[in-house]
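Text of query-v2.txt (compact mmCIF, C-alpha atoms) as supplied:
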```txt
# COMPACT_ATOMS: atom_id res chain seq x y z
CA MET T 29 -18.08 21.12 36.61
CA LYS T 30 -19.09 24.38 38.24
CA VAL T 31 -22.13 25.32 40.34
CA ILE T 32 -23.55 27.30 37.40
CA ASP T 33 -23.37 24.16 35.22
CA ILE T 34 -25.34 22.01 37.65
CA ILE T 35 -27.99 24.75 37.95
CA GLU T 36 -28.47 24.65 34.17
CA LYS T 37 -28.31 20.88 33.75
CA LEU T 38 -30.57 20.06 36.72
CA ASN T 39 -32.89 23.04 36.31
CA LEU T 40 -32.30 24.28 39.88
CA THR T 41 -33.54 27.48 41.51
CA LEU T 42 -30.86 29.89 42.73
CA PHE T 43 -31.94 31.35 46.09
CA SER T 44 -28.77 33.17 47.14
CA GLY T 45 -24.99 33.22 47.13
CA SER T 46 -24.56 34.10 43.43
CA ASP T 47 -20.93 35.12 44.08
CA GLY T 48 -20.15 31.41 44.29
CA LEU T 49 -21.52 30.29 40.93
CA ASN T 50 -18.06 29.41 39.65
CA ARG T 51 -17.15 27.18 42.59
CA GLU T 52 -15.97 23.75 41.52
CA VAL T 53 -18.24 20.72 42.10
CA LYS T 54 -16.41 17.43 42.65
CA GLY T 55 -19.30 15.34 43.88
CA GLY T 56 -22.30 15.28 46.18
CA TYR T 57 -23.25 14.35 49.72
CA THR T 58 -26.85 13.64 50.71
CA SER T 59 -27.79 13.85 54.40
CA ASP T 60 -30.09 15.67 56.81
CA LEU T 61 -27.91 15.00 59.88
CA LEU T 62 -25.47 17.85 60.41
CA SER T 63 -22.87 15.82 62.26
CA ASP T 64 -22.92 13.24 59.48
CA VAL T 65 -22.01 15.95 56.97
CA MET T 66 -19.50 17.43 59.41
CA GLY T 67 -17.82 14.08 59.93
CA HIS T 68 -17.94 12.59 56.44
CA ALA T 69 -18.52 15.07 53.59
CA ASP T 70 -15.35 15.90 51.67
CA ALA T 71 -14.51 19.37 50.36
CA GLY T 72 -16.00 20.07 46.93
CA ARG T 73 -19.16 18.04 47.51
CA VAL T 74 -22.53 19.68 46.91
CA TRP T 75 -24.74 19.05 49.94
CA ILE T 76 -28.27 17.78 49.25
CA THR T 77 -30.64 18.21 52.22
CA ILE T 78 -34.10 19.10 53.46
CA GLN T 79 -32.65 21.33 56.22
CA THR T 80 -33.22 25.06 55.64
CA HIS T 81 -31.94 26.79 58.81
CA LYS T 82 -28.87 29.00 59.09
CA ASN T 83 -26.61 26.32 60.57
CA ILE T 84 -26.34 24.58 57.19
CA MET T 85 -24.27 27.54 56.01
CA ALA T 86 -21.85 27.17 58.92
CA ILE T 87 -21.32 23.53 57.96
CA ALA T 88 -21.03 24.32 54.23
CA SER T 89 -18.44 27.00 54.97
CA LEU T 90 -16.42 24.98 57.49
CA LYS T 91 -16.35 21.95 55.16
CA ASP T 92 -15.62 23.94 51.96
CA LEU T 93 -18.76 22.66 50.23
CA PRO T 94 -19.40 24.54 46.95
CA ALA T 95 -23.22 24.74 47.24
CA VAL T 96 -26.27 23.42 49.08
CA ILE T 97 -29.32 21.98 47.26
CA ILE T 98 -32.55 22.15 49.26
CA VAL T 99 -35.03 19.48 48.17
CA GLY T 100 -38.79 19.09 48.16
CA ALA T 101 -39.55 22.67 47.05
CA GLU T 102 -38.58 23.93 50.53
CA LYS T 103 -37.22 27.46 50.85
CA PRO T 104 -34.26 28.59 52.99
CA GLY T 105 -34.88 31.05 55.83
CA ASP T 106 -33.99 34.71 55.28
CA ASP T 107 -31.07 34.51 57.72
CA THR T 108 -29.86 31.38 55.91
CA MET T 109 -29.85 33.25 52.60
CA ASP T 110 -28.12 36.26 54.21
CA GLN T 111 -25.34 33.97 55.42
CA SER T 112 -25.13 32.32 51.98
CA ASN T 113 -24.60 35.76 50.41
CA ILE T 114 -21.94 36.66 52.99
CA GLU T 115 -20.08 33.38 52.45
CA GLY T 116 -20.59 33.30 48.67
CA ILE T 117 -21.89 29.75 48.90
CA PRO T 118 -24.97 29.32 46.67
CA ILE T 119 -28.20 27.82 48.00
CA LEU T 120 -30.08 26.02 45.24
CA GLY T 121 -33.54 24.49 45.20
CA THR T 122 -35.43 21.69 43.51
CA SER T 123 -38.93 20.26 43.75
CA LEU T 124 -37.42 16.77 43.54
CA ARG T 125 -36.72 14.67 46.65
CA SER T 126 -33.23 13.74 47.85
CA PHE T 127 -33.12 10.36 46.10
CA GLU T 128 -34.05 11.71 42.67
CA ILE T 129 -31.84 14.82 42.72
CA SER T 130 -28.91 12.79 44.07
CA ALA T 131 -29.31 10.37 41.15
CA GLU T 132 -29.45 13.20 38.64
CA LEU T 133 -26.38 14.91 40.08
CA TYR T 134 -24.53 11.61 40.11
CA ASN T 135 -25.37 11.03 36.45
CA ILE T 136 -24.20 14.43 35.18
CA LEU T 137 -20.98 14.20 37.21
CA LYS T 138 -20.35 10.70 35.89
CA GLU T 139 -20.75 11.83 32.28
CA GLU T 140 -18.15 14.54 32.73
CA MET K 3 -1.25 32.63 71.16
CA ASN K 4 -4.36 32.40 73.31
CA PHE K 5 -7.93 33.14 72.33
CA GLU K 6 -11.28 33.02 74.08
CA TYR K 7 -14.80 32.76 72.71
CA LYS K 8 -18.02 32.90 74.70
CA VAL K 9 -20.87 30.57 73.78
CA GLU K 10 -24.52 30.97 74.83
CA GLY K 11 -26.69 27.91 75.38
CA GLY K 12 -29.56 27.72 72.90
CA ASP K 13 -28.07 30.33 70.55
CA PHE K 14 -27.99 28.31 67.33
CA THR K 15 -27.72 31.42 65.14
CA HIS K 16 -24.10 31.91 66.21
CA ALA K 17 -23.13 28.24 66.45
CA GLY K 18 -19.92 27.69 64.52
CA TYR K 19 -18.54 31.19 64.98
CA ALA K 20 -15.49 30.14 67.00
CA SER K 21 -14.82 27.25 64.60
CA SER K 22 -14.93 29.63 61.66
CA GLN K 23 -12.52 32.09 63.34
CA VAL K 24 -10.06 29.34 64.25
CA LYS K 25 -10.25 27.89 60.72
CA LYS K 26 -9.36 31.31 59.22
CA MET K 27 -6.48 31.74 61.63
CA LEU K 28 -4.99 28.30 60.90
CA LYS K 29 -5.32 28.92 57.16
CA GLN K 30 -3.42 32.20 57.51
CA LEU K 31 -0.71 30.39 59.43
CA GLY K 32 -0.38 27.90 56.57
CA VAL K 33 -1.39 24.84 58.57
CA ASP K 34 -1.93 21.73 56.43
CA VAL K 35 -5.49 21.51 55.09
CA SER K 36 -6.04 17.97 56.36
CA ILE K 37 -5.12 19.08 59.90
CA ILE K 38 -7.38 22.16 59.70
CA LYS K 39 -10.26 19.84 58.73
CA ARG K 40 -9.75 17.74 61.87
CA VAL K 41 -9.55 20.83 64.11
CA VAL K 42 -12.73 22.22 62.56
CA VAL K 43 -14.73 19.00 63.02
CA CYS K 44 -13.67 18.74 66.69
CA LEU K 45 -14.26 22.38 67.56
CA TYR K 46 -17.60 22.65 65.75
CA GLU K 47 -19.00 19.55 67.42
CA ALA K 48 -17.84 20.66 70.86
CA GLU K 49 -19.19 24.17 70.26
CA VAL K 50 -22.60 22.85 69.16
CA ASN K 51 -22.69 20.61 72.24
CA ILE K 52 -22.54 23.72 74.46
CA VAL K 53 -25.28 25.41 72.41
CA ALA K 54 -27.48 22.30 72.44
CA HIS K 55 -26.99 21.16 76.04
CA ALA K 56 -25.46 23.80 78.31
CA TYR K 57 -26.50 27.23 79.66
CA SER K 58 -23.27 28.96 78.70
CA GLY K 59 -19.65 28.19 78.06
CA VAL K 60 -16.21 29.51 77.19
CA ILE K 61 -13.86 28.16 74.54
CA TYR K 62 -10.16 28.59 75.34
CA ILE K 63 -7.80 28.15 72.40
CA GLU K 64 -4.09 27.75 73.01
CA LEU K 65 -2.08 27.77 69.82
CA THR K 66 1.62 27.07 69.61
CA ALA K 67 3.89 26.26 66.66
CA ASP K 68 3.31 22.55 66.99
CA ARG K 69 -0.13 22.06 68.48
CA ILE K 70 -3.57 23.46 69.21
CA ILE K 71 -5.30 22.86 72.53
CA MET K 72 -9.02 23.57 72.67
CA ARG K 73 -10.62 23.65 76.10
CA LEU K 74 -14.39 24.06 76.25
CA VAL K 75 -15.75 24.74 79.71
CA ASP K 76 -19.50 24.94 80.15
CA LYS K 77 -22.02 25.60 82.88
CA GLY K 78 -24.80 23.14 82.37
CA PRO K 79 -26.51 19.94 83.42
CA GLY K 80 -23.34 17.85 83.05
CA ILE K 81 -23.14 14.29 81.74
CA PRO K 82 -24.11 11.54 84.22
CA ASP K 83 -22.62 8.68 82.17
CA ILE K 84 -19.76 9.70 79.86
CA ASP K 85 -19.27 6.18 78.45
CA LEU K 86 -22.90 6.17 77.35
CA ALA K 87 -22.60 9.69 75.87
CA MET K 88 -19.58 8.52 73.86
CA GLN K 89 -21.58 5.76 72.17
CA LYS K 90 -22.50 6.43 68.54
CA GLY K 91 -26.20 7.22 68.24
CA TYR K 92 -26.79 8.02 71.91
CA SER K 93 -28.13 11.52 72.50
CA THR K 94 -30.18 13.43 75.08
CA ALA K 95 -30.92 16.29 72.66
CA SER K 96 -34.42 17.77 72.64
CA HIS K 97 -36.91 17.10 69.88
CA ALA K 98 -36.47 20.66 68.56
CA VAL K 99 -32.69 20.22 68.35
CA ARG K 100 -33.10 16.86 66.56
CA GLU K 101 -35.47 18.39 64.02
CA MET K 102 -32.66 20.73 63.02
CA GLY K 103 -30.53 17.71 62.19
CA PHE K 104 -28.43 17.91 65.35
CA GLY K 105 -28.59 15.44 68.22
CA ALA K 106 -27.90 12.30 66.21
CA GLY K 107 -25.38 11.05 68.75
CA MET K 108 -22.48 11.54 66.35
CA GLY K 109 -20.77 14.60 67.84
CA LEU K 110 -18.54 13.07 70.52
CA PRO K 111 -17.58 10.11 68.26
CA ASN K 112 -16.64 12.67 65.54
CA ILE K 113 -14.39 14.45 68.04
CA SER K 114 -12.88 11.21 69.23
CA SER K 115 -11.93 10.10 65.72
CA ASN K 116 -10.34 13.46 64.79
CA ALA K 117 -8.49 14.48 67.98
CA ASP K 118 -4.99 13.39 68.94
CA VAL K 119 -5.93 13.77 72.61
CA PHE K 120 -9.52 14.03 73.81
CA ASN K 121 -10.54 14.30 77.47
CA ILE K 122 -13.96 14.93 78.88
CA SER K 123 -14.91 15.46 82.49
CA SER K 124 -18.24 16.39 83.96
CA ASP K 125 -19.97 17.27 87.21
CA VAL K 126 -23.70 16.64 87.14
CA GLY K 127 -25.55 19.89 87.85
CA VAL K 128 -22.37 21.96 87.40
CA GLY K 129 -21.01 21.52 83.91
CA THR K 130 -18.70 19.77 81.49
CA THR K 131 -15.13 20.37 80.37
CA VAL K 132 -13.87 19.05 77.05
CA GLU K 133 -10.18 19.14 76.15
CA ILE K 134 -9.00 18.47 72.63
CA MET K 135 -5.39 18.53 71.44
CA ILE K 136 -4.31 18.23 67.82
CA ASN K 137 -0.71 18.24 66.61
CA LEU K 138 0.02 20.82 63.93
CA ASN K 139 3.26 19.57 62.51
CA ALA K 140 2.82 21.48 59.25
CA ILE K 141 2.90 25.17 60.19
CA ALA K 142 4.73 27.00 57.41
CA ALA K 143 8.14 28.31 58.41
```
Please express what this file holds, its structure, as structure tokens.
Amino acid sequence: MKVIDIIEKLNLTLFSGSDGLNREVKGGYTSDLLSDVMGHADAGRVWITIQTHKNIMAIASLKDLPAVIIVGAEKPGDDTMDQSNIEGIPILGTSLRSFEISAELYNILKEE
Amino acid sequence: MNFEYKVEGGDFTHAGYASSQVKKMLKQLGVDVSIIKRVVVCLYEAEVNIVAHAYSGVIYIELTADRIIMRLVDKGPGIPDIDLAMQKGYSTASHAVREMGFGAGMGLPNISSNADVFNISSDVGVGTTVEIMINLNAIAA
């Protein structure tokens, strides 16, 4: 499944990084602790978080994560979106909370 | 090959720059992906530690055909009790740094579990030096 597919299926907002819409999604990782993601998220996992600052893009890039989903109707900072566009790593948004969006992502990936 | 990167304390907007440069370089050299991952985790955590805790620092990268040595030397408050700092979940990070999702006390344990050699020495009131070595036995011929 690609980033564009999860946007459609989960009705997500695309904030930035549209160059990366065809990146491959192999799973998800839900955490708001950056070192947790750094230490444990595998490549290909979409990162679900409430964090919106620029450092999330450094982690997403270093860990080869295909996209970041920001929960709770929060918006990324301008510099975060700039970095997302530079890296070609989409930032997506949802009004759902981490638990609900994680469950939905899990379900569509499981059906694949 | 030797490289140097300067790091400013408190400058979170550039945190991860050195890690990103080193990752690109290792990719170009054809180093095995699983080894690059370990280098990146170690260097990023050590880099963020300087940003979060020190006043300034320098990252020295020494790259040879079979290993990478990363030496991070900072000027800062130092670490009074290294054994305590190494414990998972222990952190002296500020509230502001924790709100960003850093300072969970996972950085040094992350380095420890990914490095082949990891040394840390510190003088309170002077600074901290972290040395990380990782074997790169998969550089393409």
With chain K as the partner and 6 Å as the cut-off, tabulate the residues of chain T that qualify, each row holding the nearest pair of atoms and their distance in Å to one decimal, using only C-alpha atoms, sorted by chain and rising number, as CSV.
```
residue,atom,partner,partner_atom,distance
T:Asp60,CA,K:Gly103,CA,5.8
T:Leu61,CA,K:Gly103,CA,4.4
T:Leu62,CA,K:Gly103,CA,5.4
T:Ser63,CA,K:Met108,CA,5.9
T:Gly67,CA,K:Asn112,CA,5.9
T:Ala86,CA,K:Gly18,CA,5.9
```
Any idea what's packed within 8 Å of Asp107 of chain T, counting all atoms listed in the file, ignoring anything in its chain fewer than 4 positions away? Could you give it as a list in words?
His81, Lys82 and Gln111 of chain T
Within 7 Å of Arg73 of chain T using all atoms listed in the file, minus same-chain residues under 5 positions, as JSON, numbers by chain
{"T": [53, 54, 55, 56, 57, 93, 94]}
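Note that the spacing between atom CA of Lys30 of chain T and atom CA of Gly105 of chain T amounts to 24.6 Å.
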State, in Å with one decimal place, the distance from atom CA of Tyr92 of chain K to atom CA of Thr131 of chain K.
19.0 Å
Write out as a list in words each polymer residue whose atoms come within 10 Å of Asn39 of chain T, counting only C-alpha atoms; drop sequence neighbours fewer than 5 positions from it.
Asp33, Ile34, Leu120, Gly121, Thr122 and Ser123 of chain T
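Atom pair atom CA of Glu49 of chain K / atom CA of Thr66 of chain K has a distance of 21.0 Å (rounded to one decimal).
If you measure from each of K:Ala98, K:Gly127, K:Gly11, K:Val60 to Met72 of chain K using only C-alpha atoms, the closest one turns out to be K:Val60.
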Taking (-19.2, 28.0, 78.2) in the file's coordinates as the center, which residues reach within 6 Å of it, counting all atoms listed in the file, put as an MDAnalysis selection string?
chainID K and resid 9 58:60 75:77
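Using all atoms listed in the file, the nearest neighbour of Gly45 of chain T within the list T:Asp64, T:Glu102, T:Asp110, T:Asp70 is T:Asp110.
Nearest-residue note for Lys103 of chain T: choosing from T:Ile87, T:Leu40, T:Ile78, T:Ala69, the minimum distance belongs to T:Ile78, counting only C-alpha atoms.
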Selection: 10 Å around Lys37 of chain T, all atoms listed in the file, excl. self and same-chain fewer than 6 positions, as a PyMOL selection string:
chain T and resi 132-133+136
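Using only C-alpha atoms, the protein and nucleic acid residues lying no more than 9 Å from Ala56 of chain K, apart from those fewer than 3 places from it along its own chain, are Glu10, Gly11, Gly12, Asn51, Ile52, Val53, Gly59, Asp76, Lys77, Gly78, Pro79, Gly80, Gly129 and Thr130 of chain K.
Of the listed residues (K:Tyr62, K:Ser124, K:Asp118, K:Arg73), K:Ser124 comes nearest to Asp85 of chain K; the distances count all atoms listed in the file.
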